[in-house]
Amino acid sequence: MRAPVCAALLVWLLSDAAARDFTEEEMAAVRQRIKSMFYHAYNSYLDHAFPYDELRPLTCDGQDTWGSFSLTLIDALDTLLVLGNHTEFQRVASLLQDAVDFDIDVNASVFETNIRVVGGLLSAHLLAGRGGMELEPGWPCSGPLLRMAEDAARKLLPAFQTPSGMPYGTVNLLRGVSPSETPVTCTAGVGTFILEFSALSRLTGDPVFEDTARRALSALWQTRSDIGLVGNHIDVLSRKWVAQDAGIGAGVDSYFEYLVKGAILLQDQELLSMFRAYDRAIQNYTRFDDWYLWVQMHKGTVSMPVFQSLEAFWPGLQSLLGDLDRAVRTFQNYYSVWRQFGGLPEFYSIPQGYTVDKREGYPLRPDQVGSVVM
Ligand SMILES: *[C@@H]1O[C@H](CO)[C@@H](O)[C@H](O)[C@H]1NC(C)=O
Ligand SMILES: *[C@@H]1O[C@H](CO)[C@@H](O)[C@H](O)[C@H]1NC(C)=O
Ligand SMILES: *[C@@H]1O[C@H](CO)[C@@H](O)[C@H](O)[C@H]1NC(C)=O
């Protein structure tokens with residue numbers, strides 16, 4: 001099912017965007033341009049910012065942002081493989097084993113550490129053979145990158161020790177959850193673990209990760225409103241919704257993404273039927289002319305008629321499920337915003353047809369491109 005969907009969306013996009021086909025030569029030139037952009041950023045990080053998490057491009061130095069993990073290198077591992085740079089992949093994979101330590105006094109985002117550190121290490125582990133790394137006996141159930149991913153994930157588990165099973169948003173990697181930590185977590189921060197945690201459990205044989213992710217998912221499912229929607233921020237101790245805007249963007253987005261991708265990865269009907277139920281309510285209450293608005297989660301009344309750049313993943317998710325007509329129509333809406341500005345503003349007011357005050361920025365988010373590639 002997936003290949004024709006991808007091809008159809010790509011053909012449609014290219015014909016609409018460029019109104020013509022690319023020749024082989026032009027494709028090669030674009031490919032080369034993308035590679036040189038990657039190496040410009042990657043080598044500059046190595047020259048000026050390693051071992052910090054990120055490069056500051058104006059001061060040209062490094063800083064720790066989400067922890068102290070040389071995060072850019074972890075992020076870049078799979079890209080190095082996609083670009084065919086096996087020697088650099090191997091060099092970085094062994095460098096990370098020496099340089100990264102998760103026994104550190106750092107307050108880390110549970111969500112970001114999972115999707116980037118645990119997820120990045122797991123995918124590098126699974127791709128290691130294709131990157132020419134020598135595989136340990138027992139791979140894929142054994143290997144240095146898998147052990148690193150497991151170490152990182154274990155540091156996140158204390159965040160889930162709440163009565164509801166829904167995690168705190170922040171955990172100290174050395175000391176666990178701080179007594180003064182807020183119990184308010186965004187929806188995505190509760191529901192974005194099943195891919196990494198179930199992969200970890202199935203590779204290591206320790207069920208704790210998958211069980212933890214599933215417990216958080218089912219607690220979240222129980223909190224949906226009578227009309228079938230979830231809000232934006234929840235108190236993981238009292239299970240009360242603190243921010244009651246329901247939509248598909250910031251604060252929620254990857255919860256829906258992980259239900260669908262979890263259903264596909266694990267061939268899990270329960271995850272799929274959760275998504276289908278949410279989708280019925282989302283289509284019913286938030287969709288207008290193939291735009292998706294924000295509504296009050298209990299009443300279904302519109303609270304914010306905006307499109308956010310983070311929502312641009314949605315057509316990709318719909319095409320994963322084979323709902324191509326709707327995906328294309330929504331993508332067309334989003335792409336009209338892209339054409340208006342040459343990129344997506346963080347918030348776009350649909351009735352005004354313009355950016356929302358103070359939310360005009362575009363922090364180079366990949367969501368729209370992700371929908372094309374899906
Ligand atoms: C791989 O990346 C390294 C570091 O940027 C670079 O020196 C090397 O030329 C690259 N190799 C290939 C085959 O692109
Ligand atoms: C982590 O957060 C707690 C609570 O806000 C704070 O007391 C502590 O100093 C922080 N630790 C670090 C290393 O930032
Ligand atoms: C759709 O919304 C209407 C109210 O606007 C409601 O009566 C109906 O039950 C909803 N259907 C679904 C499937 O959510």
# chains A, B, ... in the order shown; residues from 1 in each chain; ligands from 1
>>> residues_near_ligand(ligand="ligand 3", cutoff="8 Å", atoms="only C-alpha atoms and all ligand atoms", output="mmCIF file with N, CA and C atoms, in the first residue's frame")
data_model
loop_
_atom_site.group_PDB
_atom_site.id
_atom_site.type_symbol
_atom_site.label_atom_id
_atom_site.label_comp_id
_atom_site.auth_asym_id
_atom_site.auth_seq_id
_atom_site.Cartn_x
_atom_site.Cartn_y
_atom_site.Cartn_z
ATOM 1 N N ILE A 227 -16.880 13.868 24.225
ATOM 2 C CA ILE A 227 -16.993 13.930 22.762
ATOM 3 C C ILE A 227 -15.727 13.371 22.085
ATOM 4 N N GLY A 228 -14.856 12.736 22.886
ATOM 5 C CA GLY A 228 -13.769 11.957 22.289
ATOM 6 C C GLY A 228 -12.492 12.722 21.989
ATOM 7 N N ARG A 280 -12.183 10.224 14.304
ATOM 8 C CA ARG A 280 -13.604 10.531 14.054
ATOM 9 C C ARG A 280 -13.987 11.841 14.744
ATOM 10 N N ALA A 281 -13.560 12.003 15.996
ATOM 11 C CA ALA A 281 -13.894 13.236 16.719
ATOM 12 C C ALA A 281 -13.169 14.439 16.120
ATOM 13 N N ILE A 282 -11.917 14.240 15.733
ATOM 14 C CA ILE A 282 -11.144 15.339 15.134
ATOM 15 C C ILE A 282 -11.795 15.794 13.826
ATOM 16 N N ASN A 284 -14.849 15.435 12.953
ATOM 17 C CA ASN A 284 -16.183 15.968 13.216
ATOM 18 C C ASN A 284 -16.138 17.386 13.792
ATOM 19 N N TYR A 285 -15.217 17.609 14.714
ATOM 20 C CA TYR A 285 -15.257 18.884 15.451
ATOM 21 C C TYR A 285 -14.212 19.897 15.009
ATOM 22 N N GLY A 300 -16.390 21.240 22.003
ATOM 23 C CA GLY A 300 -16.208 21.197 20.559
ATOM 24 C C GLY A 300 -16.334 22.549 19.894
#
>>> residues_near_ligand(ligand="ligand 2", cutoff="6 Å", atoms="only C-alpha atoms and all ligand atoms", output="PyMOL selection string")
chain A and resi 105-107+178+180-181
>>> residues_near_ligand(ligand="ligand 1", cutoff="9 Å", atoms="only C-alpha atoms and all ligand atoms", output="number ranges by chain")
A: 35, 38-40, 42-43, 46, 80, 83-89
>>> select_by_dssp(residues="range 43-277 of chain A", states="alpha helix (DSSP H)", output="PyMOL selection string")
chain A and resi 43-48+71-82+86-99+110-112+119-127+144-156+187-191+194-204+208-222+253-266+269-277
>>> residues_around(residues="Ile264 in chain A", least_positions_apart="5", cutoff="10 Å", atoms="only C-alpha atoms", output="list of chain:residue names")
A:Leu195, A:Tyr258, A:Leu259, A:Gln269, A:Leu271, A:Leu272, A:Leu320, A:Leu321
>>> closest_atom_pairs(of="range 138-216 of chain A", to="range 248-252 of chain A", cutoff="6 Å", atoms="only C-alpha atoms", output="tab-separated table")
residue	atom	partner	partner_atom	distance
A:Cys186	CA	A:Gly251	CA	5.3
A:Thr187	CA	A:Val252	CA	5.0
A:Ala188	CA	A:Val252	CA	4.6
>>> closest_residue(among="A:Asp151, A:Asp64, A:Asp253, A:Asp103", to="Tyr52 in chain A", atoms="only C-alpha atoms")
A:Asp64
>>> residues_around(residues="Ser303 in chain A", least_positions_apart="3", cutoff="7 Å", atoms="only C-alpha atoms", output="number ranges by chain")
A: 294-296
>>> atom_distance(atom1="CA of Arg224 in chain A", atom2="CA of Met304 in chain A")
19.5 Å
>>> select_by_dssp(residues="range 206-346 of chain A", states="strand (DSSP E)", output="list of chain:residue names")
A:His233, A:Ile234, A:Asp235, A:Trp241, A:Val242, A:Ala243, A:Asp245, A:Ala246, A:Arg287, A:Phe288, A:Trp291, A:Tyr292, A:Trp294, A:Val295, A:Gln296, A:Val302, A:Ser303, A:Met304, A:Val306, A:Phe307, A:Gln308
>>> residues_around(residues="range 168-173 of chain A", least_positions_apart="2", cutoff="6 Å", atoms="only C-alpha atoms", output="list in words")
Ile104, Val106, Asn107, Ala108, Ser109, Val110, Lys155, Ala159, Arg175, Gly176, Val177, Pro183 and Thr185 of chain A
>>> atom_distance(atom1="CA of Ala312 in chain A", atom2="CA of Arg329 in chain A")
12.2 Å
>>> atom_distance(atom1="CA of Pro315 in chain A", atom2="CA of Gln332 in chain A")
9.6 Å
>>> residues_around(residues="Gln368 in chain A", least_positions_apart="3", cutoff="8 Å", atoms="only C-alpha atoms", output="PyMOL selection string")
chain A and resi 309+312-313+365+371-372
>>> closest_residue(among="A:Ile194, A:Ile115, A:Leu203, A:Met166", to="Ser238 in chain A", atoms="only C-alpha atoms")
A:Met166
>>> residues_around(residues="Leu122 in chain A", least_positions_apart="5", cutoff="12 Å", atoms="only C-alpha atoms", output="count of residues only")
35
